[in-house]
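Colleague: Let me give you the structure first, and then I'll get to my questions.
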Amino acid sequence: MSRLTMESNQIQKHLDELYRNMSRRIYASPPGTCPVDISLSFLRMSHAQTCGKCTPCRVGLGRLAEMLESVLDGEADITIIDKIEKTAQAIASTADCAIGTETAKGILLGIRGFRDDYIEHITKGRCICGLKQSVACVDQCPAHVDIPGYIALVKAGLYGDAVRLIRKDNPFPSVCAYVCEHPCEDRCRRSMMDDAVNICGIKRYAVDHASTTEIPVCAEKTKKKVAIVGGGPGGLTAAYYLTIMGHSVTVYEQRHKLGGMLRYGIPDYRLPQDILDKDINHIIETGVNTKLDTTVGTDITVDELKQKYDAVYLSVGAHGDRKLGIEGEDAPNVVSAVEMLRSIGEGEKIDMHNKNVVVVGGGNVAMDATRTCLRLGAKHVTCVYRRRVEDMTALMEEIEEAKAEGVEILPLFAPARVERNKKGIATALWAQPQIISYIGSDGRAGIRKSDLDEVRIEADYIIVAIGQQSLLRPFEDHGITTKRGRIQAENSSFVEGSGNVFAGGDAVSGPATVILAVAAGKVAAANIDEFLGYNHRISVDVEIPLPDLTTSPACGRVNIKAKNIKNIEGNFELASIGMTDEECAQECSRCLRCDHFGYGGFKGGRLAEW
Amino acid sequence: MVNLTINNKKVSVPEGTTILNAARSVGVHIPHLCYLKDINEIGACRLCCVDVEGEDNLVPACNNHVRDGMVIYTNTARARASRKMNLQLILSEHDCKCATCSRSGNCQLQKLANDYGIIENPYGEHLLPPKLTEWNSTFPLIRDANKCIKCMRCIQICEKVQTMNIWDLESIGSRTRVGVSNNQKIEESDCTLCGQCITHCPVGALRERNDIDQVLRAVEDPDVITAVQIAPAVRTAVGEAFGLPPSKATVNVIASMLKTIGFDYVFDTSYAADLTIMEEGTEFLHRLKKGDMAKYPMFTSCCPGWVSFINSQFPELVGQLSTAKSPQQIFGAVLKTYFAKKLDIMPERLCSVSIMPCVAKKAECMRPEMCREDGTPDVDYVLTTRELLRLIKSERISTVRVEGVPFDEIMDDYTGAGVIFGTTGGVMEAALRSAYYMVVGKNPEPDAFQEVRKNPNEKDVTWREKTFNLAGTKINIAVTSGLGNARKLCEAILAGEVKYDFVEVMACPGGCAGGGGQPIHCDDVERADERGRVLYDIDRNMPLRFCHENKAIKKLYEEELDKPFSEKAEQLLHVH
C-alpha cells in the first residue's frame, strides 16, 4: 500500500462532464417552462447532493419534493403552500451546510415569486406559465427577427434574401451586424451541445456579402401624416415601417445627420459610418421626409406637431449625461463620455496626444470612451470602476478588446474627488479603494469602502461614463408626463392622455440597446397604423431553405476576432474582423433550425407577418 | 423530379414530396400516428423514423422532403427497434382498456400495437392523476385525457381547418397534454361542436357523449311513444360499417333496423328539409323584396355548428341568418304538434329522437328557442351515425337479411331536393329549385343549379359563387363549407369585397356527409366528397326532385299551417 496516491477518478471525470452539460442546459433554458416543475427538478438534483448526515436536508428535501410533485399532479389542496413554505423555512434554518440551506431558499424564492402558478396547479391542475413556446433566438430578440430563416439563407448563399428577411423586422441589419448586443444568442439551443451559434457574426457576413437590396414597395398612400421626433434607430425604424404602410412620415432630427447614438455615440472603429449610411439610405429611399438641424422645443413645439400631424412618435434617445457628484467635477477638462463621443461624431477631434486620461465607469460607453481616447493619442488610459471587472455591464468582449489595446482597468476604486490646479484645471482623480461586499436583492455584489487609503490617479482628462438620461424638458412643458426622467408610455407606446402621441426607446425605458430601440420603433409603427385606422401587415416574399436532416456534430463556436492594431493613434478603422467564408459556412451549419425541429415544426416556428 | 431509392426500390417523385409519401408511392407503408396530410406534419410520434444513408440519426419520414440521391431503408435493425420502443412509450401513457373504448376496431394505435405484436409493455402503465383528467361529462363532446397520445391533430384541425383554436397544449414538460386553449373550460370556450377533432383523432381520446342508453330506455318504456328521424347524410355512411355499398344500406334498410330495435315511428329528416326550403325559400324572397340583403346576404341556418360559429365570431351578422329552424328542429316541432294531433297522442308521451351525422345537433336540440312552451324539447335525443351503428350492432341485427321498409305515414314523403341537404351546396340547390318555381311559376330543369355543387377536381376553393337569373331577378349566391372558409367569406362580406344575396354555410368540410358524427376509419381518407355523391345519385333517381312537390307537406299547409311563412308557420317553424 502506498501512503499517498495521485488521485485519478474516471467516474468523477464523467460526472464533471455531466455537470458541464447541465450548466450549459440551464444557460440555454428555453422560454416557457413550468416554474414549479423546474423547482422540483432543482430540488431533486440538490437532494442527490445531500451527504446524508443531517435530518432537514436528508429527509426534508425529500418531503418537499413529494409535496411539489403532488402540486404538479393536482393532488394537493391549497393548504400545501403553507406547508411547503414552513418546511422550506425550517430546512433553511436548521440545515448544517449550503447543500440544504440553499436548496430550501431556492424553493422559498419560488413559492413567493410564482405563487400564482402553484395555486393554478392546485386548483385547476394546469400551468399558467408554460403556454407560450417559441424559437428561443427569435423570442429573445426584442425585434423578433427570423434568425433561423436568415441563417438558412446565408448557408444557401442567398445573402440578399437574408438581409431582406431581416429587414422585415429590423431595418438596421448592417448596424446590428456590427454592434448588436445579440440577446438572441443567450438561450441558443445549440448551447446544450457546445456553445451558442454566433448569430451576430453570421449577420455581419450576410450584410458584408449582400449586394444592395431593393427598396420595398410601399402600400397605397393613406393621406395620414406622422411626425417622428428623433432620427435614431428607434425613430427611423418607425419611419421605415410607417412609410411602407403608406403613411407620410417626417423625421425631425436636431443634429445635422441622421443616426442618433449610432452616429454620435458609437465610435467609427466599431461601426463605420458607411455601414450606418447603408441602412439609413435604405430607410430614407422608401420616401421618408427629414427635417435635419431642427430641434423640437425650440424650432417647433410638440403641440404644433400634434396639430400638424395625425400622430407623433417621440424617440429622442438619451443624450444627456449623469454627474459623479464629487468635488471638482466642474473643471473644464472633466467631460462626459457622450459629449466627447458626440463631438467626434460631429468631426471635432480632441487632441489627447501624450495625455493621461481617466475614464470613470464600467459600461459599454465607458469602453467606447477608453478605446477612443487611445485613438486620440492618449499616453495612458485608466478605466476606474467601483466594482469588479466581472460586475461591469460592458460586454466581456468589449472589455477584453479594450485591455488588449492597452487600457488599464482599475476595478474597486470609487471616485472621491477631482484635484485641480490653481487655474481650476483638473490634474488628478482621487479614488477610494472599495471592498466587494454582500449580494444585494438584485443579485449583484455590493461594495463598501475599504480601509485602504485614497489613491491619486494623474489625469489630464477625466471622462465620465456613468450613465445617460433623456432631455425631456421641451416635452414636459407640453403636457407629456414623465417620471424619473422617462416618458410615461404604455406597452403599446401610446402616451396616455396625449391624444395622438406615442413614445419609445431610451426616453421611455432608460438608456438601452440599438435592438431595443428598433423593437420599440416596430411596436410604435404597428400601433400608430392601428391608431390611424389601418391594419397594414409587414411581410416579405422570401422562401426559407430546408434544413439538414440531422444535427451536425458538436463543434466549437467561431468568434469575431479583434484586429491587432500597432499604431493606434489616429486609427479609427474597424477594429474587428468578420468571419471567413469557411468560418461562416461552419457556423451556419451549427444552427439547429428550431424553426423546423422541436416545437417550431408544430407551432410558433415562423411569424410570416406582423 | 427527385430520384432516390427506398428499400432498394427506385423512386421518382416530384420535388417537395415527403419521404412518407414517396415510400407510399412504391408500396412501402411507413407507420405513423400523428401525421395528417397537409394538416399535421410535425414528426411528433416518431414512428415514421427511417434510416437515411449518411445521416447519424433516424429521420422522420412525415415532415422531411425527399432529396436527390437519397438512399432510404425503412426497416433497418435500429429503425425497427426504435419504432417499437416509441410505440411502447406511447402505449405506456395510453389507457389501453380497448374493450371499453369507443374506437376499438378503428383505433390507429390499437392497430399498430397489434401489427407490431406488442403483447407486453416493458414500460408499464402511467396514467394521469384524476385531477388532470377532469371533464364535464354532460357536454356533448367528451375528452379522455388518458387516451390522448398527444399527436396534436385535434389542435391542428381546429386551428388550420376550422380556425377556432379550441384545443392547445396545456402545461409543459412531462405533464404536457392537450387541453382547451387559454386555460378555459370546454363549456366556456367557443367550441362549435363541429366534431372534426373527433373524426381526426387517431385514438379514442375524443368522442361524442353517448346517449344510447337514454334512447333505449325510452324505446323500452311502454308509456312512451318513440319517433325517430334519419338525417340525409347518415345513409351515405352506414354501409361503411357493414361492408355494404350505399345502394344496399339504404335509408329504408336503416328504417327497418330501427323498427326492429323497437322505435314506434320512423321518418326521414328529408321531409323536414323539404319543409325548411318552403319556409326558408319564402323567407328569402320576402326579405329580398324588403331590401334586407342590400348590404349583407341571408345565411342558411340548418347547420348548428355554423350558427354557433356566427354567434361567437361574427355577432354583427347574426341578424342575417334565416329564421327558419333546421330540418331536425322543424321535424321535432311538427312531430310534437301536427303529428301528435293527427294521431291523437299527447305530445308529452312522444319521445323524439334523431340520427344525425353531427355532434352539434346534440346541443342544438337543447337550445331554449328549440323547446316547447312547457320547456320540453322538440327533439329529445340525438344519436350520431356512430352511435346508431353501435346500437344496430348491439341489437345483433344481421344486415344481410334486412329488407327495407317504408316510412310511417303522415310525414312520409320526401324529395331528392331534401336528400341533398346532406352535402355542401345541397341546401342552396334545393332552395334555388323551389325559389325558381315560386318566382317563375313553373319548375326549372331539376339540375339547372348543379353549378353550386362542389367540383371534386377543384382543390382549396374557399367558396363557390354563382349568379342565377330568376325571371329577371339576378340572385348572387355563395356556398362554402368548413369554418376556416366560412371565416374568410364572412370577413370578405363584412369588408364589402363581395356581395351576395344568399349564402349557404356548413361547418364541416364537405358538409354533413363529412360531419363530425360520421363513422371513422383507420385510413385517414377524407370521405365527404364520395359520400356526397351518394346523395346526388339518390336525388337523380327520385320521383320528386322539388321540395314544393312534397305531398305530405302540401297537406300539412292545407290542414295546419295555411301557407309558407304564414303567422302559424312562423310561430312553429322559425326562431324568434
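Chain lettering (A, B, ...) mirrors the order of the C-alpha cells, residue numbering begins at 1 for each chain separately, and ligand numbering begins at 1 in order of display.
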Please identify all residues of chain A having at least one atom at most 9 Å from any atom of chain B, considering only C-alpha atoms, and return them as a CSV table (one decimal) with C-alpha atoms, in the first residue's frame.
Modeller:
chain,number,residue,atom,x,y,z
A,32,GLY,CA,-41.9,29.0,-21.4
A,33,THR,CA,-41.1,26.3,-18.9
A,34,CYS,CA,-43.2,25.4,-15.8
A,37,ASP,CA,-41.6,21.7,-12.5
A,72,LEU,CA,-48.0,19.2,-10.1
A,73,ASP,CA,-50.3,16.2,-10.2
A,74,GLY,CA,-53.2,18.3,-8.9
A,75,GLU,CA,-53.4,16.0,-5.9
A,124,LYS,CA,-57.0,23.8,-11.8
A,125,GLY,CA,-54.4,21.1,-12.4
A,126,ARG,CA,-52.5,23.1,-15.1
A,127,CYS,CA,-49.7,25.6,-15.5
A,128,ILE,CA,-50.2,29.3,-16.4
A,129,CYS,CA,-46.6,29.8,-17.5
A,130,GLY,CA,-45.8,27.1,-20.0
A,131,LEU,CA,-48.4,28.2,-22.5
A,546,LEU,CA,-35.0,23.3,-46.0
A,549,LEU,CA,-31.9,16.2,-41.9
A,550,THR,CA,-29.8,15.7,-38.8
A,551,THR,CA,-27.7,17.8,-36.5
A,552,SER,CA,-24.0,18.5,-37.2
A,596,HIS,CA,-38.3,23.3,-38.2
A,597,PHE,CA,-37.3,20.9,-35.4
A,598,GLY,CA,-38.9,20.7,-32.0
A,599,TYR,CA,-41.9,22.9,-31.2
A,600,GLY,CA,-41.1,25.1,-34.2
A,601,GLY,CA,-42.2,22.3,-36.5
A,602,PHE,CA,-45.6,22.3,-34.8
Colleague: Based on the backbone DSSP call, show me all residues of segment 371-587 of chain A assigned strand (DSSP E), as a PyMOL selection string.
Modeller: chain A and resi 380-384+408-410+413-420+426-439+445-449+455-458+461-464+468-469+482-483+486-487+501-503+561-562+576-577
Colleague: Within 7 Å of Ser326 of chain B, counting only C-alpha atoms, which residues qualify if same-chain residues fewer than 5 places away don't, as number ranges by chain?
Modeller: B: 276, 301-303
Colleague: Hey, what's within 9 Å of Tyr150 of chain A if we count only C-alpha atoms and toss same-chain stuff fewer than 3 positions away? As a JSON list (two decimals) with C-alpha atoms, in the first residue's frame, please?
Modeller:
[["chain", "number", "residue", "atom", "x", "y", "z"],
["A", 145, "VAL", "CA", -36.05, 38.83, -36.30],
["A", 146, "ASP", "CA", -36.38, 35.49, -38.14],
["A", 147, "ILE", "CA", -32.94, 34.24, -37.17],
["A", 153, "LEU", "CA", -30.40, 31.78, -46.37],
["A", 154, "VAL", "CA", -26.79, 32.69, -45.61],
["A", 155, "LYS", "CA", -25.95, 29.00, -45.61],
["A", 158, "LEU", "CA", -28.63, 33.92, -50.57],
["A", 159, "TYR", "CA", -27.21, 36.92, -48.72],
["A", 161, "ASP", "CA", -32.59, 37.39, -49.26],
["A", 162, "ALA", "CA", -31.14, 37.06, -45.77],
["A", 163, "VAL", "CA", -30.90, 40.84, -45.48],
["A", 164, "ARG", "CA", -34.40, 41.29, -46.91],
["A", 165, "LEU", "CA", -35.73, 38.81, -44.37],
["A", 166, "ILE", "CA", -34.03, 40.69, -41.52],
["A", 202, "ILE", "CA", -23.35, 35.39, -39.41],
["A", 203, "LYS", "CA", -25.45, 38.51, -39.85],
["A", 206, "ALA", "CA", -24.60, 38.45, -44.70],
["A", 544, "ILE", "CA", -36.62, 29.65, -46.43]]
Colleague: If I take atom CA of Gly62 of chain A and atom CA of Gly100 of chain A, how far is one from the other in Å, to one decimal?
Modeller: 11.2 Å
Colleague: Please identify which residues in segment 392-522 of chain B DSSP calls alpha helix (DSSP H) from the backbone, and express them as number ranges by chain.
Modeller: B: 392-394, 416-419, 426-440, 483-494
Colleague: Any chance you can output those residues with C-alpha atoms as a PDB file, in the first residue's frame?
Modeller:
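Final output, again06.pdb:
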ATOM      1  CA  ILE B 392     -77.521  -1.727 -34.507  1.00  0.00           C
ATOM      2  CA  LYS B 393     -74.545  -3.914 -33.622  1.00  0.00           C
ATOM      3  CA  SER B 394     -75.657  -4.304 -30.029  1.00  0.00           C
ATOM      4  CA  GLY B 416     -84.480  14.478 -53.886  1.00  0.00           C
ATOM      5  CA  ALA B 417     -84.015  18.138 -53.075  1.00  0.00           C
ATOM      6  CA  GLY B 418     -84.421  17.345 -49.376  1.00  0.00           C
ATOM      7  CA  VAL B 419     -81.930  14.495 -49.597  1.00  0.00           C
ATOM      8  CA  GLY B 426     -77.348  20.925 -51.348  1.00  0.00           C
ATOM      9  CA  VAL B 427     -79.397  23.376 -49.328  1.00  0.00           C
ATOM     10  CA  MET B 428     -78.659  26.102 -51.844  1.00  0.00           C
ATOM     11  CA  GLU B 429     -79.553  23.916 -54.807  1.00  0.00           C
ATOM     12  CA  ALA B 430     -82.822  22.767 -53.195  1.00  0.00           C
ATOM     13  CA  ALA B 431     -83.689  26.364 -52.328  1.00  0.00           C
ATOM     14  CA  LEU B 432     -82.959  27.610 -55.839  1.00  0.00           C
ATOM     15  CA  ARG B 433     -85.079  24.891 -57.424  1.00  0.00           C
ATOM     16  CA  SER B 434     -88.085  25.979 -55.370  1.00  0.00           C
ATOM     17  CA  ALA B 435     -87.340  29.707 -55.447  1.00  0.00           C
ATOM     18  CA  TYR B 436     -87.364  29.489 -59.231  1.00  0.00           C
ATOM     19  CA  TYR B 437     -90.783  27.884 -59.058  1.00  0.00           C
ATOM     20  CA  MET B 438     -92.035  30.484 -56.576  1.00  0.00           C
ATOM     21  CA  VAL B 439     -90.863  33.356 -58.783  1.00  0.00           C
ATOM     22  CA  VAL B 440     -91.429  31.965 -62.267  1.00  0.00           C
ATOM     23  CA  LEU B 483     -65.367  27.093 -40.669  1.00  0.00           C
ATOM     24  CA  GLY B 484     -61.992  28.420 -41.832  1.00  0.00           C
ATOM     25  CA  ASN B 485     -63.542  29.047 -45.226  1.00  0.00           C
ATOM     26  CA  ALA B 486     -66.650  30.470 -43.563  1.00  0.00           C
ATOM     27  CA  ARG B 487     -64.465  32.897 -41.645  1.00  0.00           C
ATOM     28  CA  LYS B 488     -62.795  34.145 -44.805  1.00  0.00           C
ATOM     29  CA  LEU B 489     -66.152  34.503 -46.511  1.00  0.00           C
ATOM     30  CA  CYS B 490     -67.644  36.459 -43.588  1.00  0.00           C
ATOM     31  CA  GLU B 491     -64.613  38.725 -43.487  1.00  0.00           C
ATOM     32  CA  ALA B 492     -64.882  39.397 -47.215  1.00  0.00           C
ATOM     33  CA  ILE B 493     -68.600  40.105 -46.867  1.00  0.00           C
ATOM     34  CA  LEU B 494     -68.061  42.488 -43.956  1.00  0.00           C
TER      35      LEU B 494
END
Colleague: Tell me, as a list in words, which residues lie within 10 Å of Arg420 of chain A, counting only C-alpha atoms; anything in the same chain fewer than 4 positions away does not count.
Modeller: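 In the requested format, the answer is Glu327, Gly328, Glu329, Ala331, Asn333, Gly424, Ile425, Ala426, Thr427, Ala428 and Leu429 of chain A.
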Colleague: Please provide as a PyMOL selection string all residues within 12 Å of Ala231 of chain B, with the sequence filter that same-chain residues fewer than 4 positions apart are discarded (counting only C-alpha atoms).
Modeller: chain B and resi 235-238+251+254-255+266-273+302+326-329+331+353-358+361+382-385+388+414+418-423+512-513+515+517-518+535
Colleague: Deliver the residues from the most recent selection as a file, using C-alpha atoms, as a compact mmCIF listing (two decimals), in the first residue's frame.
Modeller:
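Below is the file again02.txt, written as the result:
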# COMPACT_ATOMS: atom_id res chain seq x y z
CA ARG B 235 -77.44 6.91 -45.33
CA THR B 236 -74.16 7.73 -47.08
CA ALA B 237 -72.03 6.15 -44.37
CA VAL B 238 -73.92 3.37 -42.63
CA VAL B 251 -82.37 4.69 -45.64
CA ILE B 254 -81.90 1.75 -41.70
CA ALA B 255 -85.60 2.39 -41.04
CA VAL B 266 -89.51 6.08 -38.28
CA PHE B 267 -89.13 9.07 -40.59
CA ASP B 268 -86.70 10.70 -42.94
CA THR B 269 -85.38 14.15 -42.00
CA SER B 270 -85.53 14.91 -45.73
CA TYR B 271 -89.25 15.52 -45.16
CA ALA B 272 -88.33 18.38 -42.85
CA ALA B 273 -85.64 19.51 -45.26
CA CYS B 302 -79.57 24.47 -40.88
CA SER B 326 -83.02 23.48 -39.02
CA PRO B 327 -84.66 20.38 -40.53
CA GLN B 328 -84.03 18.44 -37.30
CA GLN B 329 -85.87 21.04 -35.25
CA PHE B 331 -89.18 17.89 -37.76
CA VAL B 353 -85.10 11.01 -31.45
CA SER B 354 -82.89 11.95 -34.35
CA ILE B 355 -79.98 10.19 -36.04
CA MET B 356 -77.51 12.78 -37.22
CA PRO B 357 -74.06 12.86 -38.82
CA CYS B 358 -73.35 15.61 -36.35
CA LYS B 361 -77.10 18.64 -33.09
CA VAL B 382 -79.74 12.97 -30.84
CA LEU B 383 -77.63 9.99 -31.78
CA THR B 384 -74.70 10.34 -34.15
CA THR B 385 -74.25 7.95 -37.05
CA LEU B 388 -76.58 4.38 -34.48
CA TYR B 414 -89.63 13.42 -49.19
CA GLY B 418 -84.42 17.34 -49.38
CA VAL B 419 -81.93 14.50 -49.60
CA ILE B 420 -79.09 16.63 -50.95
CA PHE B 421 -79.24 18.76 -47.78
CA GLY B 422 -76.57 16.39 -46.52
CA THR B 423 -73.80 17.73 -48.71
CA CYS B 512 -72.85 16.85 -43.30
CA ALA B 513 -71.52 13.94 -45.34
CA GLY B 515 -69.83 15.55 -40.44
CA GLY B 517 -70.74 12.41 -36.14
CA GLN B 518 -69.91 10.18 -39.11
CA LEU B 535 -76.84 11.82 -52.17
Colleague: Could you list, as a PyMOL selection string, every residue within 9 Å of Leu532 of chain A, counting only C-alpha atoms and ignoring same-chain residues fewer than 5 positions away?
Modeller: chain A and resi 224+310-311+527
Colleague: Mind giving me the straight-line distance from atom CA of Gln196 of chain B to atom CA of Glu465 of chain B in Å, one decimal?
Modeller: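 One can read the atom CA of Gln196 of chain B to atom CA of Glu465 of chain B distance as 24.9 Å.
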Colleague: Please, what distance in Å, to one decimal, runs between atom CA of Val66 of chain B and atom CA of Asp51 of chain B?
Modeller: 12.7 Å
